[in-house]
Amino acid sequence: MIGKVLSISGKMAVIEPDKPAGCFGCMHQECAKGFAPITAENSDNLDLAPGRLVETGSGNRTLLRQGAAALSPPLLGFIAGFLLSGIFFPQSADGLRAACGAFLLFAAALGFYFFRKRFPPKIVPQILRVIPK
């Protein structure tokens, strides 16, 4: 995301976001609200000043960790449903076991969705680069 630096306090900078870098068909629900300033970390000690344009984002390690955290509960839910249905119903066919796995896959995904809505991750974006004028 690209934005303008509003203020700087130590390694943290308050940034007013510019237009969104990518709109994925939200039907302008987020754009209509306007964009609240965000706080980003200047971990590379870049030369910042109020009014400068900067690009912010997350590191690859952070994105990989978020992806693994989002995909793990549904995968583990399917495995648990498949294995537990075999334990509780040993004579069941593979179709029934797969259906139980699919049910727990969706239940785990829905549970994780509500968990993240209630407890969002506390990830601070990083200032990646200063955009020249």
# chains A, B, ... in the order shown; residues from 1 in each chain; ligands from 1
>>> residues_around(residues="region 3-5 of chain A", least_positions_apart="3", cutoff="9 Å", atoms="only C-alpha atoms", output="list of chain:residue names")
A:Ile8, A:Ala13, A:Val14, A:Ile15, A:Glu16, A:Pro17, A:Asp18, A:Lys19, A:Pro37, A:Leu48, A:Ala49, A:Pro50, A:Gly51, A:Arg52, A:Leu53, A:Val54, A:Glu55, A:Thr56
>>> closest_residue(among="A:Ala98, A:Ala40, A:Ile123, A:Met1", to="Arg65 (chain A)", atoms="only C-alpha atoms")
A:Ile123
>>> closest_residue(among="A:Ala99, A:Ile2, A:Ile38, A:Leu84", to="Val124 (chain A)", atoms="only C-alpha atoms")
A:Ile38
>>> residues_around(residues="Gly111 (chain A)", least_positions_apart="6", cutoff="10 Å", atoms="only C-alpha atoms", output="PyMOL selection string")
chain A and resi 73-74+105+117
>>> residues_around(residues="Gly81 (chain A)", least_positions_apart="4", cutoff="12 Å", atoms="only C-alpha atoms", output="PyMOL selection string")
chain A and resi 73-77+85-89+94+96-108
>>> atom_distance(atom1="CA of Lys133 (chain A)", atom2="CA of Leu63 (chain A)")
29.2 Å
